[in-house]
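Read through the structure below, which is laid out as structure tokens, and then see the notes.
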Amino acid sequence: MTTSALRRQVKNIVHNYSEAEIKVREATSNDPWGPSSSLMSEIADLTFNVVAFAEVMGMVWKRINDSGKNWRHVYKVKDS
């Protein structure tokens with residue numbers, strides 16, 4: 001497990017992110033590769049639930065407003 005993956009897991013626990021928010025964070029991470037199609041499909045399926053939809057869109061909005069060293073967050077959100 002890489003350091004960034006471990007750090008991401010700790011943040012997920014500390015911030016008490018939901019399953020939907022964790023999936024969006026994983027899909028829009030700073031990793032140099034893009035999200036898998038299965039992950040994107042899972043996120044799309046989650047949007048049919050009203051509560052999960054709000055969580056997904058809240059995290060997407062947060063990622064769109066990132067800047068500076070987190071440019072990949074913005075790029076991956078807009079590319080999806």
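If you're wondering about the labels, chains in the structure tokens are A, B, ... by order shown, residues count from 1 in each chain, ligands from 1 in order shown.
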
Who sits within 9 Å of A:Glu26, only C-alpha atoms, same chain under 6 positions skipped, as JSON, numbers by chain: {"A": [8, 35, 39]}

Could you write those residues out with all heavy atoms, as a tab-separated table (two decimals), in the first residue's frame?
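Contents of part-v4.tsv, as written:
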chain	number	residue	atom	x	y	z
A	8	ARG	N	-4.94	8.58	2.60
A	8	ARG	CA	-6.33	8.75	2.17
A	8	ARG	C	-7.27	7.96	3.07
A	8	ARG	O	-8.34	8.45	3.44
A	8	ARG	CB	-6.46	8.31	0.71
A	8	ARG	CG	-7.73	8.77	0.04
A	8	ARG	CD	-7.74	8.45	-1.45
A	8	ARG	NE	-6.58	9.00	-2.12
A	8	ARG	CZ	-5.75	8.28	-2.89
A	8	ARG	NH1	-5.95	7.01	-3.10
A	8	ARG	NH2	-4.72	8.85	-3.47
A	35	PRO	N	-9.72	7.01	-12.90
A	35	PRO	CA	-10.53	6.04	-12.17
A	35	PRO	C	-10.93	4.88	-13.08
A	35	PRO	O	-11.04	5.03	-14.29
A	35	PRO	CB	-11.75	6.84	-11.74
A	35	PRO	CG	-11.85	7.94	-12.74
A	35	PRO	CD	-10.44	8.25	-13.14
A	39	LEU	N	-15.44	1.67	-10.92
A	39	LEU	CA	-15.63	2.67	-9.87
A	39	LEU	C	-16.59	3.76	-10.34
A	39	LEU	O	-17.49	4.18	-9.60
A	39	LEU	CB	-14.30	3.29	-9.45
A	39	LEU	CG	-14.36	4.38	-8.38
A	39	LEU	CD1	-14.96	3.85	-7.09
A	39	LEU	CD2	-12.98	4.96	-8.14

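Residues surrounding A:Val50 within 12 Å are A:Ala20, A:Val56, A:Met57 [only C-alpha atoms; sequence separation below 6 positions excluded].
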
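Residue nearest A:Trp61, chosen from A:Gln9, A:Thr28, A:Ser37, A:Thr2 and counting only C-alpha atoms: A:Thr28.
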
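Among the candidates A:Val10, A:Ser29, A:Ser18, A:Ala5, the one nearest to A:Arg72 when counting only C-alpha atoms is A:Ser29.
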
Could you give me, as a PyMOL selection string, each residue of chain A that DSSP assigns to alpha helix (DSSP H) when run on this structure's backbone? chain A and resi 3-14+19-27+37-46+50-64+71-79

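The space between atom CA of A:Lys76 and atom CA of A:Ser36 spans 11.9 Å.
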
I'd like to know which of A:Asn65, A:Val14, A:Ser4, A:Phe53 is closest to A:Asp31, using only C-alpha atoms. A:Ser4

I want to know what sits within 12 Å of A:Ser38, based on only C-alpha atoms, with residues of the same chain fewer than 6 positions away left out; could you give that as a list in words? Lys23, Ala27, Ala44 and Asp45 of chain A
